[in-house]
file data-v6.txt (compact mmCIF, C-alpha atoms)
# COMPACT_ATOMS: atom_id res chain seq x y z
CA MET A 1 -47.66 -6.75 -3.61
CA PHE A 2 -46.99 -3.03 -3.91
CA LEU A 3 -44.80 -1.02 -1.52
CA ASP A 4 -44.66 2.69 -0.98
CA LYS A 5 -41.21 4.30 -1.23
CA ALA A 6 -40.53 4.16 2.50
CA SER A 7 -41.47 0.49 2.71
CA ALA A 8 -39.43 -0.33 -0.39
CA ALA A 9 -36.38 1.36 1.09
CA ARG A 10 -36.77 -0.71 4.28
CA ALA A 11 -37.21 -3.92 2.28
CA ALA A 12 -34.23 -3.35 0.01
CA PRO A 13 -30.80 -4.49 1.21
CA GLU A 14 -28.68 -1.51 2.13
CA ASP A 15 -26.21 -2.10 -0.67
CA GLY A 16 -28.39 -4.16 -3.00
CA PRO A 17 -29.75 -3.52 -6.48
CA LEU A 18 -32.93 -1.82 -5.21
CA THR A 19 -31.04 1.01 -3.54
CA GLU A 20 -32.29 4.24 -5.04
CA GLY A 21 -30.01 6.67 -6.78
CA ARG A 22 -27.52 4.11 -8.06
CA GLU A 23 -26.19 4.66 -11.56
CA PHE A 24 -25.71 0.92 -12.13
CA VAL A 25 -27.61 -2.11 -10.90
CA TRP A 26 -25.65 -3.67 -8.05
CA SER A 27 -26.18 -7.22 -6.81
CA ASN A 28 -24.67 -9.64 -4.35
CA ASP A 29 -23.46 -11.67 -7.32
CA ASP A 30 -21.50 -8.66 -8.58
CA PHE A 31 -19.88 -8.22 -5.19
CA THR A 32 -19.07 -11.93 -4.92
CA ARG A 33 -17.38 -11.93 -8.34
CA ILE A 34 -15.31 -8.82 -7.55
CA LYS A 35 -14.40 -10.24 -4.16
CA ALA A 36 -13.12 -13.45 -5.78
CA LEU A 37 -11.19 -11.62 -8.51
CA ILE A 38 -9.35 -9.19 -6.21
CA TYR A 39 -8.48 -12.07 -3.87
CA LYS A 40 -7.05 -14.06 -6.76
CA LYS A 41 -5.11 -11.14 -8.23
CA ALA A 42 -3.92 -9.29 -5.11
CA GLY A 43 -4.73 -11.44 -2.09
CA ILE A 44 -7.07 -8.76 -0.74
CA SER A 45 -9.87 -10.23 1.36
CA LEU A 46 -13.05 -8.13 1.25
CA HIS A 47 -15.75 -8.59 3.88
CA ASP A 48 -19.44 -7.98 3.35
CA GLY A 49 -19.29 -4.52 4.88
CA LYS A 50 -17.38 -3.28 1.83
CA HIS A 51 -20.32 -3.27 -0.61
CA ALA A 52 -20.60 0.51 -0.82
CA MET A 53 -16.84 1.02 -1.19
CA VAL A 54 -16.54 -1.62 -3.92
CA TYR A 55 -19.54 -0.24 -5.82
CA SER A 56 -18.17 3.31 -5.70
CA ARG A 57 -14.67 2.40 -6.84
CA VAL A 58 -15.43 -0.17 -9.50
CA SER A 59 -18.27 1.89 -10.99
CA ARG A 60 -15.60 4.39 -12.05
CA ARG A 61 -14.04 1.64 -14.15
CA LEU A 62 -17.43 1.01 -15.80
CA ARG A 63 -17.64 4.65 -16.81
CA GLU A 64 -14.03 4.71 -18.05
CA THR A 65 -14.46 1.56 -20.14
CA GLY A 66 -17.97 2.32 -21.40
CA HIS A 67 -19.79 -0.61 -19.78
CA ASP A 68 -23.37 -0.29 -18.59
CA SER A 69 -23.33 -3.07 -15.99
CA PHE A 70 -20.94 -4.80 -13.62
CA LYS A 71 -21.65 -8.11 -15.33
CA THR A 72 -20.57 -6.95 -18.77
CA TYR A 73 -17.50 -5.22 -17.32
CA LEU A 74 -16.43 -8.29 -15.32
CA ASP A 75 -17.13 -10.62 -18.26
CA TRP A 76 -14.96 -8.42 -20.47
CA LEU A 77 -12.25 -8.16 -17.81
CA GLU A 78 -12.00 -11.92 -17.43
CA GLN A 79 -11.74 -12.37 -21.20
CA HIS A 80 -8.78 -10.00 -21.58
CA ASP A 81 -5.29 -10.00 -20.12
CA GLY A 82 -4.49 -6.33 -20.52
CA ALA A 83 -3.89 -3.06 -18.71
CA GLU A 84 -7.40 -2.93 -17.27
CA TRP A 85 -6.47 -5.57 -14.69
CA GLN A 86 -4.01 -3.10 -13.17
CA GLU A 87 -6.71 -0.39 -13.16
CA PHE A 88 -9.06 -2.83 -11.44
CA ILE A 89 -6.46 -3.57 -8.74
CA ASN A 90 -5.63 0.13 -8.37
CA ALA A 91 -9.32 0.89 -7.83
CA LEU A 92 -9.63 -1.55 -4.94
CA THR A 93 -6.43 -0.81 -3.01
CA THR A 94 -6.57 1.49 0.00
CA ASN A 95 -3.85 4.08 0.52
CA LEU A 96 -3.79 5.76 3.92
CA THR A 97 -0.43 7.30 4.74
CA ALA A 98 1.35 10.29 6.23
CA PHE A 99 4.89 11.43 6.94
CA PHE A 100 6.29 9.70 10.05
CA ARG A 101 3.06 7.81 10.67
CA GLU A 102 3.43 5.51 13.72
CA SER A 103 6.39 7.66 14.71
CA HIS A 104 7.90 5.27 17.27
CA HIS A 105 9.16 3.11 14.40
CA PHE A 106 11.40 5.87 13.14
CA GLY A 107 13.10 6.29 16.49
CA ILE A 108 13.83 2.55 16.50
CA LEU A 109 15.07 2.73 12.90
CA ASN A 110 17.32 5.69 13.74
CA ASP A 111 18.96 3.80 16.62
CA LEU A 112 19.35 0.67 14.50
CA LEU A 113 21.11 2.51 11.67
CA ALA A 114 23.20 4.75 13.91
CA ALA A 115 24.65 1.69 15.67
CA LYS A 116 26.26 0.62 12.37
CA ARG A 117 26.97 3.83 10.55
CA THR A 118 29.59 2.36 8.23
CA GLN A 119 27.33 -0.43 6.96
CA ALA A 120 25.76 -0.24 3.49
CA TRP A 121 22.07 -0.63 4.29
CA ARG A 122 19.38 -2.16 2.08
CA ILE A 123 15.82 -1.23 3.04
CA TRP A 124 12.54 -2.28 1.44
CA CYS A 125 9.36 -0.28 1.85
CA SER A 126 6.81 -2.79 0.57
CA ALA A 127 3.72 -0.54 0.58
CA ALA A 128 5.10 2.79 -0.59
CA SER A 129 1.71 4.29 -1.44
CA THR A 130 2.15 7.98 -2.38
CA GLY A 131 5.63 8.16 -0.86
CA GLU A 132 5.25 9.66 2.59
CA GLU A 133 6.52 6.51 4.28
CA PRO A 134 9.54 5.96 1.97
CA TYR A 135 10.68 9.55 2.33
CA SER A 136 10.23 9.37 6.11
CA ILE A 137 12.54 6.34 6.05
CA ALA A 138 15.02 8.19 3.84
CA MET A 139 15.05 11.26 6.09
CA THR A 140 15.62 9.06 9.13
CA ALA A 141 18.45 7.20 7.39
CA THR A 142 20.15 10.45 6.35
CA GLU A 143 19.92 11.81 9.89
CA ALA A 144 21.21 8.57 11.42
CA LEU A 145 24.02 7.87 8.95
CA GLY A 146 25.05 11.37 7.91
CA ALA A 147 25.08 12.87 4.43
CA SER A 148 27.73 10.38 3.30
CA GLY A 149 25.90 7.35 4.68
CA SER A 150 25.37 4.38 2.38
CA PHE A 151 21.79 3.22 2.04
CA GLN A 152 19.38 2.15 -0.68
CA ILE A 153 15.61 2.09 -0.28
CA VAL A 154 13.58 -0.07 -2.64
CA ASN A 155 9.99 1.16 -2.69
CA SER A 156 7.16 -0.92 -4.06
CA ASP A 157 3.39 -1.00 -4.27
CA ILE A 158 0.80 -2.97 -6.18
CA ASP A 159 -0.99 0.28 -7.08
CA THR A 160 0.90 1.83 -9.99
CA LYS A 161 -0.80 5.23 -9.74
CA VAL A 162 0.20 5.94 -6.16
CA LEU A 163 3.68 4.60 -6.90
CA ALA A 164 4.06 7.18 -9.70
CA THR A 165 3.12 9.90 -7.21
CA ALA A 166 5.75 8.59 -4.79
CA GLN A 167 8.41 8.63 -7.48
CA ARG A 168 7.64 12.25 -8.36
CA GLY A 169 8.08 13.29 -4.72
CA ILE A 170 5.89 16.40 -5.00
CA TYR A 171 3.41 17.23 -2.24
CA LYS A 172 1.01 20.00 -1.34
CA ALA A 173 2.31 22.24 1.42
CA ASP A 174 -0.57 21.11 3.64
CA GLY A 175 0.66 17.54 3.30
CA VAL A 176 4.05 18.28 4.87
CA LYS A 177 2.91 20.68 7.59
CA GLY A 178 3.60 18.06 10.27
CA LEU A 179 7.32 18.07 9.47
CA SER A 180 9.70 20.25 11.47
CA PRO A 181 11.05 23.46 9.88
CA GLU A 182 14.52 21.86 10.01
CA ARG A 183 13.42 18.84 7.99
CA LEU A 184 11.51 20.96 5.51
CA GLN A 185 14.56 23.13 4.90
CA ARG A 186 16.96 20.20 4.67
CA PHE A 187 14.93 17.80 2.55
CA PHE A 188 12.42 19.82 0.48
CA MET A 189 12.34 22.57 -2.12
CA ARG A 190 9.48 25.07 -2.00
CA GLY A 191 7.64 25.66 -5.27
CA LYS A 192 7.53 29.13 -6.79
CA ALA A 193 5.33 30.90 -9.33
CA GLY A 194 3.19 28.20 -11.02
CA ASN A 195 4.31 25.66 -8.42
CA ALA A 196 3.45 27.81 -5.42
CA GLY A 197 1.93 25.75 -2.63
CA LEU A 198 3.91 22.65 -3.59
CA MET A 199 6.95 21.04 -1.97
CA ARG A 200 9.39 18.77 -3.80
CA VAL A 201 11.77 16.25 -2.24
CA LYS A 202 15.38 17.25 -2.87
CA PRO A 203 17.52 15.17 -5.27
CA GLU A 204 19.94 14.38 -2.42
CA LEU A 205 17.17 12.30 -0.84
CA GLN A 206 15.72 10.86 -4.04
CA LYS A 207 19.07 9.48 -5.18
CA HIS A 208 18.72 6.72 -2.58
CA MET A 209 15.31 5.64 -3.87
CA GLU A 210 14.20 2.97 -6.34
CA PHE A 211 10.56 2.39 -7.28
CA LEU A 212 8.91 -0.68 -8.77
CA SER A 213 5.54 -2.40 -8.88
CA VAL A 214 5.43 -5.54 -6.72
CA ASN A 215 2.55 -7.88 -5.93
CA LEU A 216 3.19 -9.45 -2.52
CA ILE A 217 1.26 -12.62 -3.34
CA GLU A 218 3.63 -13.39 -6.22
CA ASN A 219 7.32 -14.36 -6.18
CA LEU A 220 9.39 -11.37 -5.13
CA PRO A 221 11.84 -9.99 -7.73
CA PHE A 222 14.79 -9.30 -5.41
CA ARG A 223 18.23 -10.90 -5.63
CA GLU A 224 20.02 -9.09 -2.81
CA PRO A 225 18.61 -9.51 0.74
CA PHE A 226 17.38 -6.62 2.86
CA ASP A 227 18.52 -5.46 6.30
CA VAL A 228 15.21 -3.73 7.04
CA VAL A 229 11.68 -4.21 5.69
CA PHE A 230 8.68 -1.97 6.28
CA CYS A 231 5.41 -3.82 5.66
CA ARG A 232 2.99 -1.74 7.67
CA ASN A 233 -0.81 -1.96 7.57
CA VAL A 234 -0.76 -4.36 4.63
CA MET A 235 -1.43 -7.73 6.26
CA ILE A 236 -4.76 -6.50 7.63
CA TYR A 237 -6.15 -6.84 4.10
CA PHE A 238 -5.14 -10.52 3.85
CA ASP A 239 -6.66 -13.64 5.33
CA ALA A 240 -4.55 -15.90 7.57
CA ALA A 241 -3.33 -18.17 4.78
CA THR A 242 -2.26 -15.26 2.60
CA GLN A 243 -0.57 -13.56 5.56
CA ARG A 244 1.51 -16.65 6.19
CA ALA A 245 2.51 -16.98 2.53
CA VAL A 246 3.51 -13.31 2.33
CA LEU A 247 5.53 -13.54 5.55
CA GLU A 248 7.40 -16.53 4.13
CA ARG A 249 8.25 -14.54 0.98
CA ILE A 250 9.43 -11.58 3.05
CA HIS A 251 11.50 -13.91 5.24
CA ARG A 252 13.28 -15.26 2.14
CA VAL A 253 14.41 -11.79 0.99
CA MET A 254 15.73 -10.63 4.39
CA LYS A 255 19.09 -11.14 6.02
CA PRO A 256 19.12 -13.16 9.26
CA GLY A 257 18.79 -10.65 12.06
CA GLY A 258 17.08 -8.15 9.77
CA MET A 259 14.23 -6.10 11.21
CA LEU A 260 10.61 -6.14 10.01
CA PHE A 261 8.37 -3.17 10.88
CA VAL A 262 4.62 -3.85 10.77
CA GLY A 263 1.41 -1.95 11.50
CA HIS A 264 -0.01 -1.25 14.94
CA ALA A 265 -2.92 -3.68 14.41
CA GLU A 266 -0.80 -6.54 13.09
CA ASN A 267 0.44 -9.48 15.14
CA PHE A 268 2.43 -12.41 13.81
CA SER A 269 2.59 -14.67 16.85
CA ASP A 270 1.67 -17.58 14.56
CA ALA A 271 4.93 -17.11 12.64
CA ARG A 272 7.35 -17.59 15.53
CA ASN A 273 9.55 -19.83 13.42
CA LEU A 274 10.10 -16.93 11.00
CA PHE A 275 10.16 -13.78 13.14
CA ALA A 276 10.65 -12.93 16.80
CA LEU A 277 9.04 -9.88 18.42
CA ARG A 278 11.73 -7.35 19.40
CA GLY A 279 9.68 -4.26 20.22
CA LYS A 280 6.32 -2.63 19.62
CA THR A 281 5.32 -4.07 16.22
CA VAL A 282 8.98 -4.72 15.30
CA TYR A 283 10.18 -8.23 14.50
CA GLU A 284 13.59 -9.80 13.93
CA ARG A 285 14.05 -12.21 11.05
CA LEU A 286 15.21 -15.59 12.40
call {"tool": "encode", "arguments": {"input": "data-v6.txt", "output": "structure tokens"}}
result
Amino acid sequence: MFLDKASAARAAPEDGPLTEGREFVWSNDDFTRIKALIYKKAGISLHDGKHAMVYSRVSRRLRETGHDSFKTYLDWLEQHDGAEWQEFINALTTNLTAFFRESHHFGILNDLLAAKRTQAWRIWCSAASTGEEPYSIAMTATEALGASGSFQIVNSDIDTKVLATAQRGIYKADGVKGLSPERLQRFFMRGKAGNAGLMRVKPELQKHMEFLSVNLIENLPFREPFDVVFCRNVMIYFDAATQRAVLERIHRVMKPGGMLFVGHAENFSDARNLFALRGKTVYERL
């Protein structure tokens, strides 16, 4: 049977190997293998609507490593225990963030910290991404506790590339335009000459920050418990079993009465023995 181009396009699966214009052959088997590998390594659960995204992101790794098919790349990946695994994970993580995103959380955090200004606070931002969330937490803590306030923010992410960006603390001016002039003046330095158009977080804010790579589906590397944990818009990428396991790990590294901030689409009513809802997407560690 022969098909004209229009009929062939209708017959081909939208994200299948017959799709025209693809640099590499792409099959359901490739997607299934990648889906299984990223679940095993990072707990990320990919649904079938992610074919195009997975193809686009992982094909970059084929080009970088010189492979001409997903099969040869994945075969090679599974036979080696090297740095490419981190690149594979980095390619498939999603990083959507902004300064003071879901702003109601920062008002709650401000009130929580201000009520105990003399306390030495330990805060964990578990999905630091490129740093907008950690620095929003740090600005809030400085405003609530004063310049002499005692707080430490541990910032982690599974994606090492975005974490390096967070640690640098340098942003395009367009990226901070939502901040008030007062916050920009207090917490940022404006780039000059070759750095024009860039803003850098001041050392007074960065001194409270620590950055490290953490995989939430593995044992957490913390010895001292946290008073506050931000784990926002992370659990949506996990299935129910992985969510429960991650919540149990977070519970173990928090102080009783500590506060957990989660994303607007996340609900942990099935973990009532671990956390109790205390506000809009804010939970208390039991």
call {"tool": "closest_residue", "arguments": {"input": "data-v6.txt", "among": "A:Arg122, A:Arg272, A:Arg200, A:Arg183", "to": "A:Phe226", "atoms": "only C-alpha atoms"}}
result
A:Arg122
call {"tool": "closest_residue", "arguments": {"input": "data-v6.txt", "among": "A:Gly263, A:Gly191, A:Gly279, A:Gly175", "to": "A:Ala98", "atoms": "all atoms listed in the file"}}
result
A:Gly175
call {"tool": "residues_around", "arguments": {"input": "data-v6.txt", "residues": "A:Leu184", "least_positions_apart": "3", "cutoff": "12 Å", "atoms": "all atoms listed in the file", "output": "MDAnalysis selection string"}}
result
chainID A and resid 99 135:136 139 171 173 175:181 187:190 198:202
call {"tool": "residues_around", "arguments": {"input": "data-v6.txt", "residues": "A:Tyr73", "least_positions_apart": "3", "cutoff": "10 Å", "atoms": "all atoms listed in the file", "output": "PDB file with C-alpha atoms, keeping the file's coordinate frame"}}
result
ATOM      1  CA  VAL A  58     -15.430  -0.170  -9.500  1.00  0.00           C
ATOM      2  CA  SER A  59     -18.270   1.890 -10.990  1.00  0.00           C
ATOM      3  CA  ARG A  61     -14.040   1.640 -14.150  1.00  0.00           C
ATOM      4  CA  LEU A  62     -17.430   1.010 -15.800  1.00  0.00           C
ATOM      5  CA  ARG A  63     -17.640   4.650 -16.810  1.00  0.00           C
ATOM      6  CA  THR A  65     -14.460   1.560 -20.140  1.00  0.00           C
ATOM      7  CA  GLY A  66     -17.970   2.320 -21.400  1.00  0.00           C
ATOM      8  CA  HIS A  67     -19.790  -0.610 -19.780  1.00  0.00           C
ATOM      9  CA  ASP A  68     -23.370  -0.290 -18.590  1.00  0.00           C
ATOM     10  CA  SER A  69     -23.330  -3.070 -15.990  1.00  0.00           C
ATOM     11  CA  PHE A  70     -20.940  -4.800 -13.620  1.00  0.00           C
ATOM     12  CA  TRP A  76     -14.960  -8.420 -20.470  1.00  0.00           C
ATOM     13  CA  LEU A  77     -12.250  -8.160 -17.810  1.00  0.00           C
ATOM     14  CA  GLU A  78     -12.000 -11.920 -17.430  1.00  0.00           C
ATOM     15  CA  GLN A  79     -11.740 -12.370 -21.200  1.00  0.00           C
TER      16      GLN A  79
END
call {"tool": "closest_residue", "arguments": {"input": "data-v6.txt", "among": "A:Leu212, A:Thr160, A:Gly257, A:Lys280", "to": "A:Ala83", "atoms": "only C-alpha atoms"}}
result
A:Thr160
call {"tool": "residues_around", "arguments": {"input": "data-v6.txt", "residues": "A:Leu260", "least_positions_apart": "4", "cutoff": "7 Å", "atoms": "only C-alpha atoms", "output": "PyMOL selection string"}}
result
chain A and resi 228-230+282-284
call {"tool": "closest_residue", "arguments": {"input": "data-v6.txt", "among": "A:Arg33, A:Arg278, A:Lys161, A:Lys255", "to": "A:Trp124", "atoms": "all atoms listed in the file"}}
result
A:Lys255
call {"tool": "residues_around", "arguments": {"input": "data-v6.txt", "residues": "A:Ser129", "least_positions_apart": "4", "cutoff": "12 Å", "atoms": "only C-alpha atoms", "output": "number ranges by chain"}}
result
A: 90, 93-99, 125, 133-135, 155-167, 169, 211-214, 231-234
call {"tool": "closest_residue", "arguments": {"input": "data-v6.txt", "among": "A:Val253, A:Ala193, A:Leu109, A:Ala115", "to": "A:Asn219", "atoms": "only C-alpha atoms"}}
result
A:Val253
call {"tool": "atom_distance", "arguments": {"input": "data-v6.txt", "atom1": "atom CA of A:Asp227", "atom2": "atom CA of A:His251"}}
result
11.0 Å
call {"tool": "closest_residue", "arguments": {"input": "data-v6.txt", "among": "A:Val54, A:Leu286, A:Ile250, A:Ala271", "to": "A:Ile38", "atoms": "all atoms listed in the file"}}
result
A:Val54
call {"tool": "residues_around", "arguments": {"input": "data-v6.txt", "residues": "A:His104", "least_positions_apart": "2", "cutoff": "12 Å", "atoms": "all atoms listed in the file", "output": "PyMOL selection string"}}
result
chain A and resi 100-102+106-111+140+261-264+279-282
call {"tool": "residues_near_point", "arguments": {"input": "data-v6.txt", "point": "(-20.0, -5.9, 2.9)", "cutoff": "12 Å", "atoms": "all atoms listed in the file", "output": "PyMOL selection string"}}
result
chain A and resi 13-16+27-28+30-32+34-35+45-55
call {"tool": "atom_distance", "arguments": {"input": "data-v6.txt", "atom1": "atom CA of A:Pro221", "atom2": "atom CA of A:Ala138"}}
result
21.8 Å
call {"tool": "atom_distance", "arguments": {"input": "data-v6.txt", "atom1": "atom CA of A:Ser126", "atom2": "atom CA of A:Ser269"}}
result
20.6 Å
